[in-house]
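One file, run_2.cif, carrying mmCIF, C-alpha atoms:
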data_start
#
loop_
_atom_site.label_atom_id
_atom_site.label_comp_id
_atom_site.auth_asym_id
_atom_site.auth_seq_id
_atom_site.Cartn_x
_atom_site.Cartn_y
_atom_site.Cartn_z
CA MET A 23 16.80 6.37 4.73
CA ASN A 24 19.63 7.44 2.41
CA LEU A 25 19.54 11.01 1.14
CA ALA A 26 21.64 12.96 -1.30
CA ARG A 27 21.89 16.43 -2.79
CA HIS A 28 21.36 16.19 -6.57
CA SER A 29 19.41 17.60 -9.46
CA ILE A 30 17.22 15.50 -11.76
CA SER A 31 17.10 16.10 -15.49
CA ALA A 32 13.85 15.83 -17.39
CA THR A 33 15.03 12.86 -19.43
CA ALA A 34 16.74 10.70 -16.82
CA PRO A 35 14.65 7.99 -15.14
CA VAL A 36 13.78 8.46 -11.51
CA HIS A 37 16.46 7.07 -9.21
CA ILE A 38 15.43 5.67 -5.84
CA PHE A 39 18.25 5.58 -3.30
CA ASP A 40 16.18 3.72 -0.74
CA ALA A 41 12.61 2.45 -0.37
CA ARG A 42 11.26 0.83 2.79
CA PHE A 43 7.90 -0.29 4.11
CA ASP A 44 6.89 0.30 7.70
CA SER A 45 6.31 -2.74 9.90
CA ASP A 46 2.73 -3.36 8.72
CA CYS A 47 3.22 -2.16 5.10
CA GLN A 48 0.62 0.58 5.45
CA ILE A 49 3.07 3.23 4.28
CA PHE A 50 6.48 3.31 2.67
CA THR A 51 9.20 5.93 2.57
CA THR A 52 11.45 6.57 -0.38
CA ALA A 53 14.50 8.78 -0.89
CA THR A 54 15.69 10.16 -4.23
CA PRO A 55 18.16 12.89 -5.18
CA ALA A 56 15.25 15.34 -4.73
CA GLY A 57 14.55 14.37 -1.11
CA LEU A 58 12.15 12.24 0.88
CA ALA A 59 8.55 11.22 0.20
CA VAL A 60 6.09 9.18 2.26
CA TYR A 61 3.40 7.20 0.42
CA ARG A 62 0.35 5.22 1.41
CA THR A 63 1.04 1.72 0.10
CA TRP A 64 -2.45 1.02 -1.23
CA PRO A 65 -4.12 2.78 -2.78
CA LEU A 66 -0.88 4.46 -3.83
CA THR A 67 -1.09 8.00 -2.48
CA LEU A 68 1.59 10.60 -1.86
CA ILE A 69 1.14 11.63 1.79
CA ARG A 70 3.94 14.15 2.17
CA LYS A 71 7.27 15.06 0.66
CA ARG A 72 10.30 16.91 1.86
CA GLY A 73 13.38 18.20 0.15
CA HIS A 74 14.41 13.34 3.78
CA ARG A 75 13.36 5.40 7.87
CA SER A 76 10.36 6.01 9.94
CA LEU A 77 9.43 4.77 13.41
CA HIS A 78 6.31 2.98 12.13
CA THR A 79 3.52 5.51 11.58
CA SER A 80 4.86 8.06 14.06
CA SER A 81 6.31 11.40 13.08
CA LEU A 82 9.93 10.30 13.63
CA LEU A 83 12.20 9.61 10.68
CA PHE A 84 15.73 8.25 10.95
CA LEU A 85 17.88 9.69 8.17
CA VAL A 86 21.31 8.70 6.86
CA GLY A 87 23.20 10.46 4.09
CA GLY A 88 23.73 8.55 0.85
CA GLY A 89 24.60 8.86 -2.82
CA ARG A 90 27.67 10.48 -4.33
CA SER A 91 27.00 13.82 -2.65
CA PRO A 92 25.25 13.06 0.66
CA LEU A 93 23.06 15.67 2.29
CA TYR A 94 24.09 14.37 5.73
CA PRO A 95 27.43 12.80 6.73
CA PRO A 96 27.28 8.99 6.26
CA ASN A 97 28.55 8.47 9.82
CA LYS A 98 25.54 10.22 11.38
CA VAL A 99 21.93 9.22 12.05
CA ILE A 100 19.63 12.25 12.00
CA ILE A 101 16.40 11.95 14.01
CA TRP A 102 13.82 14.10 12.23
CA ASN A 103 10.46 14.98 13.75
CA ASP A 104 8.18 15.46 10.77
CA HIS A 105 5.44 16.97 12.95
CA LEU A 106 7.79 19.75 14.04
CA GLY A 107 9.54 19.86 10.67
CA CYS A 108 13.05 19.88 12.15
CA GLU A 109 15.90 17.75 13.45
CA VAL A 110 15.53 16.85 17.11
CA ALA A 111 18.71 14.79 17.64
CA GLU A 112 21.66 13.27 15.87
CA LEU A 113 23.83 10.23 16.58
CA GLU A 114 27.45 10.41 15.43
CA PHE A 115 29.79 7.46 14.97
CA ARG A 116 33.42 7.08 13.98
CA GLU A 117 32.54 5.10 10.86
CA ARG A 118 29.88 4.87 8.20
CA VAL A 119 26.41 3.70 9.25
CA ARG A 120 25.59 0.46 7.39
CA GLY A 121 21.99 -0.24 8.38
CA LEU A 122 19.08 0.67 10.65
CA ALA A 123 16.19 -1.19 12.27
CA CYS A 124 13.58 0.35 14.54
CA ARG A 125 10.49 -0.40 16.56
CA ARG A 126 8.39 1.72 18.88
CA GLY A 127 10.84 3.46 21.19
CA TRP A 128 13.99 1.66 20.00
CA LEU A 129 16.62 2.13 17.29
CA SER A 130 19.35 -0.32 16.23
CA VAL A 131 22.31 0.99 14.23
CA ALA A 132 24.48 -1.51 12.33
CA LEU A 133 28.12 -0.61 11.78
CA ARG A 134 30.81 -2.67 10.06
CA ARG A 135 31.59 -4.92 13.05
CA ARG A 136 29.12 -3.95 15.76
CA VAL A 137 25.48 -3.08 16.40
CA VAL A 138 24.51 -0.32 18.80
CA VAL A 139 20.98 -0.08 20.30
CA PHE A 140 19.39 3.15 21.53
CA GLU A 141 16.19 3.78 23.49
CA ILE A 142 14.17 6.63 22.01
CA GLY A 143 12.03 8.59 24.47
CA GLU A 144 12.15 12.08 25.89
CA ARG A 145 15.89 11.57 25.59
CA VAL A 146 17.99 9.27 23.41
CA THR A 147 19.94 6.85 25.60
CA ARG A 148 22.46 4.20 24.63
CA PHE A 149 21.14 0.78 25.70
CA GLY A 150 23.84 -1.67 24.60
CA GLU A 151 26.39 -2.74 22.01
CA TRP A 152 27.15 -6.14 20.44
CA GLU A 153 30.09 -7.23 18.31
CA THR A 154 29.46 -8.96 14.98
CA CYS A 155 31.48 -10.44 12.15
CA ASP A 156 32.19 -8.28 9.11
CA ASN A 157 28.78 -6.83 8.21
CA PRO A 158 29.14 -4.63 5.11
CA LYS A 159 25.40 -4.91 4.30
CA GLY A 160 24.40 -3.59 7.73
CA LEU A 161 22.17 -6.57 8.51
CA VAL A 162 19.90 -6.11 11.53
CA ALA A 163 16.24 -7.00 12.17
CA ILE A 164 13.89 -6.35 15.05
CA ALA A 165 10.44 -7.72 15.97
CA THR A 166 7.87 -4.93 16.04
CA ALA A 167 4.66 -6.45 17.46
CA GLU A 168 3.35 -5.50 20.87
CA HIS A 169 5.25 -7.31 23.68
CA SER A 170 7.87 -8.64 21.23
CA THR A 171 11.50 -8.59 22.40
CA LEU A 172 13.70 -10.07 19.68
CA LEU A 173 16.61 -8.39 17.92
CA VAL A 174 18.70 -10.44 15.46
CA ILE A 175 22.16 -9.49 14.22
CA PRO A 176 25.07 -11.35 12.59
CA GLY A 177 27.16 -13.44 14.95
CA ARG A 178 30.87 -13.18 15.52
CA GLN A 179 31.46 -16.08 13.14
CA MET A 180 30.53 -15.97 9.48
CA GLY A 181 27.07 -17.40 8.82
CA HIS A 182 26.02 -17.30 12.49
CA VAL A 183 23.12 -15.26 13.90
CA GLN A 184 22.92 -13.66 17.36
CA LEU A 185 19.51 -13.43 19.04
CA VAL A 186 19.23 -10.62 21.57
CA HIS A 187 16.16 -10.04 23.73
CA LEU A 188 15.35 -6.41 24.48
CA PRO A 189 12.67 -5.11 26.87
CA PRO A 190 9.16 -5.84 25.51
CA CYS A 191 7.80 -3.50 22.86
CA ARG A 192 5.20 -1.26 24.47
CA ALA A 193 1.71 -0.76 23.09
CA PRO A 194 1.00 2.32 20.96
CA GLN A 195 -0.48 5.27 22.79
CA THR A 196 -3.86 6.44 21.51
CA ARG A 197 -6.14 9.22 22.66
CA ALA A 198 -9.30 7.19 22.13
CA PRO A 199 -10.27 4.58 24.75
CA PRO A 200 -8.85 1.17 23.79
CA ALA A 201 -11.15 -1.42 22.34
CA PRO A 202 -11.75 -4.54 24.49
CA SER A 203 -10.13 -6.76 21.84
CA SER A 204 -6.96 -4.63 21.82
CA ASN A 205 -6.08 -5.27 25.47
CA GLN A 206 -3.66 -8.05 24.75
CA LYS A 207 -1.88 -9.54 27.72
CA PRO A 208 1.85 -10.15 27.43
CA PRO A 209 2.74 -13.75 26.60
CA PRO A 210 3.82 -15.97 29.50
CA PRO A 211 7.59 -16.23 30.06
CA PRO A 212 9.23 -19.13 28.22
CA THR A 213 9.71 -22.33 30.17
CA THR A 214 13.17 -22.82 28.65
CA HIS A 215 15.91 -20.28 28.04
CA PRO A 216 15.87 -19.11 24.41
CA VAL A 217 18.88 -19.78 22.24
CA SER A 218 21.34 -16.94 21.67
CA ILE A 219 23.26 -18.26 18.63
CA ILE A 220 22.07 -20.03 15.46
CA ALA A 221 24.64 -21.49 13.04
CA ALA A 222 22.48 -20.65 10.02
CA HIS A 223 24.89 -20.93 7.07
CA THR A 224 28.49 -21.71 6.22
CA THR A 225 28.88 -18.63 4.01
CA SER A 226 28.24 -14.97 4.74
CA LEU A 227 24.69 -13.82 5.46
CA THR A 228 22.83 -11.59 3.00
CA THR A 229 19.45 -11.10 4.72
CA LEU A 230 17.94 -11.44 8.20
CA THR A 231 14.15 -11.21 8.40
CA LEU A 232 11.67 -11.40 11.28
CA PRO A 233 7.87 -11.26 11.20
CA PRO A 234 6.39 -8.72 13.65
CA SER A 235 5.87 -11.44 16.29
CA GLY A 236 9.53 -12.53 16.17
CA ARG A 237 8.43 -16.17 16.33
CA LEU A 238 10.23 -17.11 13.10
CA LEU A 239 13.54 -16.10 11.54
CA ALA A 240 14.43 -16.27 7.84
CA THR A 241 18.06 -16.26 6.74
CA THR A 242 19.82 -16.32 3.37
CA SER A 243 23.48 -16.53 2.44
CA SER A 244 25.77 -15.30 -0.32
CA ARG A 245 25.07 -18.44 -2.36
CA GLY A 246 21.53 -17.19 -2.87
CA THR A 247 19.94 -20.58 -3.50
CA LEU A 248 18.24 -21.40 -0.17
CA VAL A 249 16.03 -19.63 2.37
CA ARG A 250 16.08 -21.20 5.82
CA ILE A 251 13.25 -20.69 8.32
CA TRP A 252 14.12 -21.08 12.01
CA ASP A 253 12.20 -21.23 15.26
CA SER A 254 13.65 -18.18 17.01
CA HIS A 255 13.11 -19.62 20.51
CA SER A 256 14.45 -23.16 20.10
CA GLY A 257 16.86 -22.43 17.24
CA LYS A 258 15.56 -25.43 15.27
CA LEU A 259 15.40 -25.41 11.48
CA ILE A 260 11.72 -25.53 10.43
CA ARG A 261 11.86 -25.29 6.64
CA GLU A 262 14.46 -25.08 3.91
CA LEU A 263 13.14 -23.48 0.72
CA ARG A 264 14.93 -23.30 -2.62
CA ARG A 265 14.90 -20.11 -4.66
CA GLY A 266 16.91 -21.68 -7.52
CA THR A 267 20.09 -23.55 -8.33
CA ASP A 268 22.20 -20.73 -9.77
CA LYS A 269 23.90 -18.18 -7.54
CA ALA A 270 21.99 -14.98 -6.87
CA ASP A 271 22.13 -11.91 -4.67
CA ILE A 272 19.00 -12.13 -2.53
CA PHE A 273 17.73 -8.65 -1.73
CA GLY A 274 15.05 -9.49 0.81
CA VAL A 275 12.48 -11.82 2.38
CA ALA A 276 9.02 -10.84 3.64
CA PHE A 277 6.58 -12.85 5.78
CA ARG A 278 2.85 -12.60 5.23
CA PRO A 279 1.23 -10.95 8.27
CA ASP A 280 -0.32 -14.25 9.40
CA GLU A 281 3.04 -16.03 8.82
CA GLN A 282 1.45 -18.63 6.51
CA GLU A 283 3.42 -17.60 3.43
CA MET A 284 6.58 -15.69 2.58
CA CYS A 285 8.17 -14.20 -0.51
CA VAL A 286 11.79 -13.71 -1.56
CA TRP A 287 13.30 -11.55 -4.29
CA SER A 288 16.78 -11.25 -5.77
CA ASP A 289 18.84 -9.73 -8.58
CA LYS A 290 17.29 -12.26 -10.95
CA GLY A 291 14.28 -9.95 -11.13
CA THR A 292 11.83 -12.62 -9.93
CA VAL A 293 9.68 -12.62 -6.80
CA HIS A 294 9.11 -16.16 -5.44
CA VAL A 295 6.22 -17.05 -3.09
CA PHE A 296 6.36 -20.03 -0.72
CA ASN A 297 3.74 -21.67 1.46
CA LEU A 298 4.76 -22.26 5.09
CA VAL A 299 1.76 -24.28 6.32
CA ALA A 300 0.15 -27.60 5.41
CA SER A 301 -3.04 -26.05 4.00
CA GLY A 302 -3.25 -23.99 0.82
CA ALA A 303 -1.19 -24.27 -2.34
CA SER A 304 1.69 -26.75 -2.24
CA ASN A 305 5.27 -25.79 -2.86
CA ARG A 306 6.75 -27.65 -5.80
CA GLN A 307 8.98 -30.66 -5.19
CA SER A 308 10.83 -33.18 -7.28
CA SER A 309 8.93 -36.30 -8.32
CA PHE A 310 11.82 -38.21 -6.70
CA SER A 311 11.26 -36.63 -3.29
CA PRO A 312 9.21 -39.62 -1.94
CA LEU A 313 12.24 -41.83 -2.62
CA THR A 314 14.62 -39.83 -0.44
CA THR A 315 13.61 -41.85 2.63
CA PHE A 316 14.60 -45.07 0.87
CA LEU A 317 17.51 -44.05 -1.39
CA PRO A 318 20.59 -41.92 -0.62
CA LEU A 319 19.65 -39.22 -3.13
CA PRO A 320 21.25 -35.75 -3.06
CA LYS A 321 19.57 -33.22 -0.81
CA TYR A 322 18.47 -31.29 -3.93
CA PHE A 323 15.64 -33.78 -4.48
CA GLU A 324 14.17 -32.92 -1.08
CA SER A 325 13.99 -29.22 -1.96
CA GLU A 326 10.80 -27.19 -1.91
CA TRP A 327 10.39 -24.70 -4.76
CA SER A 328 8.11 -21.67 -4.84
CA TYR A 329 4.47 -22.31 -5.75
CA ALA A 330 4.11 -18.89 -7.44
CA GLN A 331 6.41 -16.26 -8.91
CA TYR A 332 6.45 -13.00 -10.84
CA ARG A 333 9.11 -11.57 -13.18
CA ILE A 334 9.40 -7.81 -12.75
CA PRO A 335 9.87 -6.06 -16.11
CA ALA A 336 12.84 -3.79 -16.67
CA GLN A 337 12.63 -0.02 -16.61
CA SER A 338 12.89 0.11 -20.40
CA ALA A 339 9.63 -1.85 -20.65
CA HIS A 340 7.67 1.10 -19.25
CA ILE A 341 9.31 4.32 -20.42
CA SER A 342 11.29 5.48 -23.40
CA LEU A 343 14.42 7.44 -22.65
CA SER A 344 15.73 10.06 -25.01
CA SER A 345 19.19 9.90 -26.50
CA THR A 346 20.38 12.58 -24.08
CA HIS A 347 20.10 10.05 -21.28
CA ASN A 348 23.25 8.35 -22.56
CA LYS A 349 25.23 11.53 -21.93
CA ARG A 350 25.39 10.86 -18.21
CA SER A 351 27.53 12.91 -15.91
CA PRO A 352 30.51 10.92 -14.58
CA THR A 353 29.43 11.86 -11.03
CA ALA A 354 25.77 10.90 -11.48
CA ASP A 355 24.24 8.04 -9.54
CA ILE A 356 23.22 5.12 -11.77
CA PRO A 357 19.76 3.62 -11.17
CA ASP A 358 19.75 -0.10 -10.33
CA GLU A 359 17.03 -1.65 -12.48
CA GLU A 360 17.37 -4.99 -10.72
CA ARG A 361 16.78 -3.76 -7.19
CA CYS A 362 13.34 -3.81 -5.59
CA VAL A 363 11.55 -4.27 -2.27
CA VAL A 364 8.37 -6.29 -1.70
CA GLY A 365 5.69 -6.19 1.03
CA TRP A 366 2.30 -7.75 1.82
CA ILE A 367 -1.05 -5.96 1.93
CA GLU A 368 -4.72 -6.92 2.16
CA GLY A 369 -6.23 -5.89 -1.17
CA PRO A 370 -9.50 -6.42 -3.01
CA SER A 371 -10.06 -9.93 -4.27
CA SER A 372 -9.63 -10.36 -8.03
CA ASP A 373 -12.30 -13.05 -7.92
CA PRO A 374 -15.77 -11.41 -8.18
CA ASN A 375 -17.27 -14.41 -6.35
CA GLN A 376 -15.17 -13.63 -3.29
CA PRO A 377 -15.96 -10.16 -1.93
CA MET A 378 -13.55 -10.52 0.98
CA ASN A 379 -10.06 -9.01 0.83
CA GLU A 380 -7.10 -11.24 0.06
CA TYR A 381 -3.39 -11.02 0.72
CA GLN A 382 -1.51 -9.44 -2.18
CA LEU A 383 2.02 -8.26 -2.89
CA ILE A 384 3.31 -4.75 -3.50
CA ALA A 385 6.65 -4.55 -5.33
CA LEU A 386 8.60 -1.28 -5.48
CA THR A 387 11.47 -0.98 -7.95
CA TYR A 388 14.35 1.44 -7.49
CA THR A 389 13.46 3.00 -10.84
CA GLY A 390 10.01 4.13 -9.69
CA GLY A 391 7.75 1.19 -10.53
CA TRP A 392 4.84 0.21 -8.24
CA TYR A 393 3.25 -3.23 -8.82
CA ARG A 394 0.21 -4.73 -7.10
CA LEU A 395 0.19 -8.50 -7.54
CA SER A 396 -2.39 -11.11 -6.63
CA LEU A 397 -1.54 -14.74 -6.09
CA PRO A 398 -2.74 -17.40 -8.54
CA SER A 399 -5.76 -19.49 -7.58
CA PHE A 400 -6.00 -23.18 -8.30
CA SER A 401 -8.84 -25.55 -8.91
CA ASN A 402 -7.92 -27.54 -5.79
CA SER A 403 -6.88 -26.19 -2.44
CA THR A 404 -3.83 -28.43 -2.52
CA VAL A 405 -1.91 -28.79 -5.74
CA PRO A 406 0.23 -31.88 -6.35
CA SER A 407 3.93 -31.36 -6.86
CA ASN A 408 5.46 -31.37 -10.28
CA VAL A 409 8.73 -32.66 -11.64
CA VAL A 410 11.75 -30.50 -10.88
CA PRO A 411 14.13 -30.00 -13.84
CA PRO A 412 17.76 -31.14 -14.07
CA LEU A 413 20.23 -29.51 -11.73
CA SER A 414 21.51 -27.12 -14.40
CA THR A 415 18.21 -25.22 -14.63
CA SER A 416 15.97 -23.25 -12.29
CA PRO A 417 12.51 -24.21 -10.96
CA PRO A 418 10.10 -25.46 -13.62
CA GLY A 419 6.77 -24.13 -14.72
CA HIS A 420 3.83 -25.86 -13.13
CA SER A 421 0.84 -27.13 -15.07
CA SER A 422 -2.16 -26.11 -13.01
CA THR A 423 -5.40 -24.24 -13.41
CA MET A 424 -5.00 -20.56 -12.69
CA ARG A 425 -6.84 -17.31 -13.29
CA PRO A 426 -6.14 -15.55 -16.57
CA ARG A 427 -3.52 -12.85 -16.34
CA ALA A 428 -4.89 -9.35 -15.97
CA SER A 429 -4.33 -7.29 -19.09
CA SER A 430 -1.96 -4.41 -18.59
CA GLY A 431 0.54 -2.56 -20.67
CA ALA A 432 3.01 -2.99 -17.83
CA SER A 433 3.37 -6.75 -18.26
CA ILE A 434 5.81 -6.41 -21.13
CA ALA A 435 8.84 -8.65 -20.95
CA GLY A 436 11.89 -6.48 -21.04
CA ARG A 437 14.51 -7.77 -18.63
CA SER A 438 17.84 -9.03 -19.86
CA GLU A 439 18.53 -12.74 -19.52
CA LYS A 440 21.55 -12.25 -17.23
CA GLY A 441 21.56 -15.74 -15.82
CA LYS A 442 17.87 -15.58 -15.03
CA GLU A 443 15.54 -18.50 -14.74
CA LYS A 444 14.62 -19.79 -18.21
CA GLU A 445 11.03 -20.40 -19.12
CA LYS A 446 9.73 -23.20 -21.29
CA ASP A 447 7.22 -22.32 -23.96
CA GLY A 448 3.92 -24.15 -24.16
CA LYS A 449 3.59 -24.76 -20.41
CA GLU A 450 1.32 -22.95 -18.01
CA LYS A 451 3.18 -21.15 -15.26
CA ARG A 452 2.15 -20.38 -11.74
CA ASP A 453 2.65 -16.65 -12.15
CA CYS A 454 1.35 -13.99 -9.83
CA ILE A 455 -1.21 -11.79 -11.58
CA LEU A 456 -0.48 -8.13 -12.19
CA GLN A 457 -3.54 -6.24 -10.96
CA GLU A 458 -2.21 -2.70 -11.13
CA PHE A 459 0.91 -0.84 -12.21
CA ARG A 460 1.78 2.74 -11.37
CA ARG A 461 4.85 4.92 -11.11
CA TYR A 462 6.00 6.75 -8.02
CA GLY A 463 8.70 9.35 -7.63
CA ARG A 464 9.02 12.07 -10.23
CA TRP A 465 5.95 10.97 -12.23
CA ASP A 466 3.55 12.05 -9.51
CA GLY A 467 4.84 15.59 -9.67
CA TRP A 468 7.40 15.22 -6.90
CA GLY A 469 10.81 16.48 -7.98
#
Show how you would write the structure in this file as structure tokens.
Amino acid sequence: MNLARHSISATAPVHIFDARFDSDCQIFTTATPAGLAVYRTWPLTLIRKRGHRSLHTSSLLFLVGGGRSPLYPPNKVIIWNDHLGCEVAELEFRERVRGLACRRGWLSVALRRRVVVFEIGERVTRFGEWETCDNPKGLVAIATAEHSTLLVIPGRQMGHVQLVHLPPCRAPQTRAPPAPSSNQKPPPPPTTHPVSIIAAHTTSLTTLTLPPSGRLLATTSSRGTLVRIWDSHSGKLIRELRRGTDKADIFGVAFRPDEQEMCVWSDKGTVHVFNLVASGASNRQSSFSPLTTFLPLPKYFESEWSYAQYRIPAQSAHISLSSTHNKRSPTADIPDEERCVVGWIEGPSSDPNQPMNEYQLIALTYTGGWYRLSLPSFSNSTVPSNVVPPLSTSPPGHSSTMRPRASSGASIAGRSEKGKEKEKDGKEKRDCILQEFRRYGRWDGWG
């Protein structure tokens, strides 16, 4: 969690240095120039704030200095016990810390060309160290489910991924007697030795994502057009999904908790949702895709496009800034309107005929926007594919029956068309439905 020492004016928009969900998206932590706050993801509730990444829902927070005037040195990781309200340990390195990943009892620290793993217990002990290629983004991911072992980091060659198996993740300790259904036995040992290297891409990696089980691995590259899904044990490519055809900076990928769907978001300002199983809504494909087995067509025509998407409005669509905002200090941090982070929750169904909860998306922007999105429903459980546009454009709209969009003042279009996917008028789109919009950060009285 990046922290800085700054003051916030009354007219400047809130600036989020960092926002991260915990492993099950029940809470998220966010750091601004005013400090750290911890929120319940849904319903959005401020749990606590301090003037300060967490180890799941424990009281430990891992803090790294950030911004133009960092509160902590950028080469240190501060371990903060929020129950005690003080620092309990610090890890110092000879270079800037690039990224963190944690699970119960373990912390992985990504540096420019290596990843160091620590075991967190009564004492902090150094477990191991692995060399990587140049890793300026600090890419590292760790499986967080009970008995999971997988840690993924960049390989020594560009575009490669190293798979490291740590000791199994232990079960959480509770004071109450465990329920019979919670006594899960560890999975049997694999019959074959798991792979240790996956040649995922030919260009540099931009994201590495694991679901809690560690069974799958999602990778993206600097081209920003494809998301590849791998079997983390065999190293085989399972799916190749297309975000678009134009280059983009992919910010993140998130698996649904049951691993049946995933979403991806980028600097284009659009969240794309893909189906990973045979049942449910179909990903879009070219009408020429059935011919690829008979004709030597380019691989583009075999691509799978997202079955649903949502364009996040710009900051200016929600608030009006006074003219004094333009008189920015030359040392002030500039909010990134494009940047966001997305997670999955189980929320109330938007269909009154279905009282059960459904999986929904929560999108957090780095300018303080909180969006709760439901997925579109279709008249049929499986929707036929539609025609994909020419190569010069991005995925098409899809003509299908969907629920009407929820009315909200937050669904105003306001994002610049900086190379973003173009929309065709007069065609129904498979958009996610905005169920609720709120602001977090300074608007809730914090800061």
**Message:** Nearest residue to His187 of chain A out of A:Gln331, A:Ser254, A:Gln457, A:Thr229, using all atoms listed in the file?
**Reply:**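 Between A:Gln331, A:Ser254, A:Gln457, A:Thr229, the residue approaching His187 of chain A most closely is A:Ser254.
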Taking a cut-off of 9 Å and counting all atoms listed in the file, can you build a table that, for each residue of segment 228-300 of chain A near segment 154-173 of chain A, reports the nearest atom pair and how far apart they are in Å (one decimal), sorted by chain then residue number, as a Markdown table?
| residue | atom | partner | partner_atom | distance |
| --- | --- | --- | --- | --- |
| A:Thr228 | CA | A:Lys159 | CA | 7.3 |
| A:Thr229 | CA | A:Leu161 | CA | 6.5 |
| A:Leu230 | CA | A:Ala163 | CA | 6.2 |
| A:Thr231 | CA | A:Ala163 | CA | 6.0 |
| A:Leu232 | CA | A:Ala165 | CA | 6.1 |
| A:Pro233 | CA | A:Ala165 | CA | 6.5 |
| A:Pro234 | CA | A:Thr166 | CA | 4.7 |
| A:Ser235 | CA | A:Ala167 | CA | 5.3 |
| A:Gly236 | CA | A:Ala165 | CA | 4.9 |
| A:Arg237 | CA | A:Ala165 | CA | 8.7 |
| A:Ser254 | CA | A:Leu172 | CA | 8.5 |
**Message:** Can you pull out the residues contacting segment 216-225 of chain A? Cut-off 8 Å, using only C-alpha atoms, and skip same-chain residues under 6 positions away; I want them as number ranges by chain.
**Reply:** A: 177, 180-186, 241-245, 250, 254-257
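Of the residues listed (A:Glu112, A:Glu283, A:Glu144, A:Glu368), A:Glu283 shows the shortest atom-to-atom separation from Ala330 of chain A; distances use only C-alpha atoms.
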**Item:** Top pick for closest residue to Gly390 of chain A, considering A:Met378, A:Val363, A:Ser130, A:Arg461 and counting only C-alpha atoms
**Value:**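 Counting only C-alpha atoms, the residue closest to Gly390 of chain A is A:Arg461.
For the atom pair formed by atom CA of Pro65 of chain A and atom CA of Asp40 of chain A, the distance is 20.4 Å, given to one decimal.
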**Request:** Considering only C-alpha atoms, state which residue in the set A:Pro374, A:Gly369, A:Gly246, A:Gly291 is at the smallest distance from Leu397 of chain A.
**Result:** A:Gly369
**Prompt:** In terms of the shortest atom-to-atom distance over all atoms listed in the file, which of A:Arg125, A:Pro398, A:Thr52, A:Leu85 is closest to Ile69 of chain A?
**Reply:**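 Under the stated criterion, the closest residue is A:Thr52.
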**Item:** Selection result for the PyMOL selection byres ((chain A and resi 381) around 12) on this file, as an MDAnalysis selection string
**Value:** chainID A and resid 47 277:284 295 365:372 378:380 382:384 394:398 454
**Message:** Between atom CA of Ile49 of chain A and atom CA of Arg192 of chain A, what is the distance in Å, rounded to a tenth?
**Reply:** 20.8 Å
**Message:** Applying 7 Å and only C-alpha atoms, which residues near segment 100-111 of chain A remain after dropping the ones on its own chain fewer than 2 positions away? List them as a PyMOL selection string.
**Reply:** chain A and resi 81-86+98+113
**Request:** Would you mind reading off the distance between atom CA of Arg265 of chain A and atom CA of Gln179 of chain A, one decimal, in Å?
**Result:** 24.6 Å
**Message:** Counting all atoms listed in the file, which residue out of A:Val139, A:Ala59, A:Ala240, A:Ala385 sits closest to Leu188 of chain A?
**Reply:**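 Using all atoms listed in the file, the shortest distance to Leu188 of chain A belongs to A:Val139.
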**Request:** Pull out every residue that the PyMOL selection byres ((chain A and resi 296) around 7) matches in the shown coordinates and put them as a list in words.
**Result:**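 That expression, the PyMOL selection byres ((chain A and resi 296) around 7), corresponds here to Glu283, Met284, Cys285, His294, Val295, Asn297, Leu298, Asn305, Ser328 and Tyr329 of chain A.
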Emit the selected residues as a PDB file, keeping the file's coordinate frame, including C-alpha atoms.
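Listed below is the output, part.pdb:
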ATOM      1  CA  GLU A 283       3.420 -17.600   3.430  1.00  0.00           C
ATOM      2  CA  MET A 284       6.580 -15.690   2.580  1.00  0.00           C
ATOM      3  CA  CYS A 285       8.170 -14.200  -0.510  1.00  0.00           C
ATOM      4  CA  HIS A 294       9.110 -16.160  -5.440  1.00  0.00           C
ATOM      5  CA  VAL A 295       6.220 -17.050  -3.090  1.00  0.00           C
ATOM      6  CA  ASN A 297       3.740 -21.670   1.460  1.00  0.00           C
ATOM      7  CA  LEU A 298       4.760 -22.260   5.090  1.00  0.00           C
ATOM      8  CA  ASN A 305       5.270 -25.790  -2.860  1.00  0.00           C
ATOM      9  CA  SER A 328       8.110 -21.670  -4.840  1.00  0.00           C
ATOM     10  CA  TYR A 329       4.470 -22.310  -5.750  1.00  0.00           C
TER      11      TYR A 329
END
**Message:** I want to know what sits within 7 Å of Pro96 of chain A, based on only C-alpha atoms, with residues of the same chain fewer than 5 positions away left out; could you give that as a list in words?
**Reply:** Val86, Gly87, Gly88, Arg118 and Val119 of chain A
Only C-alpha atoms, please: the residues just picked out, written as an mmCIF file, in the coordinates of the input.
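The file below, part.cif, is the result:
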data_model
loop_
_atom_site.group_PDB
_atom_site.id
_atom_site.type_symbol
_atom_site.label_atom_id
_atom_site.label_comp_id
_atom_site.auth_asym_id
_atom_site.auth_seq_id
_atom_site.Cartn_x
_atom_site.Cartn_y
_atom_site.Cartn_z
ATOM 1 C CA VAL A 86 21.310 8.700 6.860
ATOM 2 C CA GLY A 87 23.200 10.460 4.090
ATOM 3 C CA GLY A 88 23.730 8.550 0.850
ATOM 4 C CA ARG A 118 29.880 4.870 8.200
ATOM 5 C CA VAL A 119 26.410 3.700 9.250
#
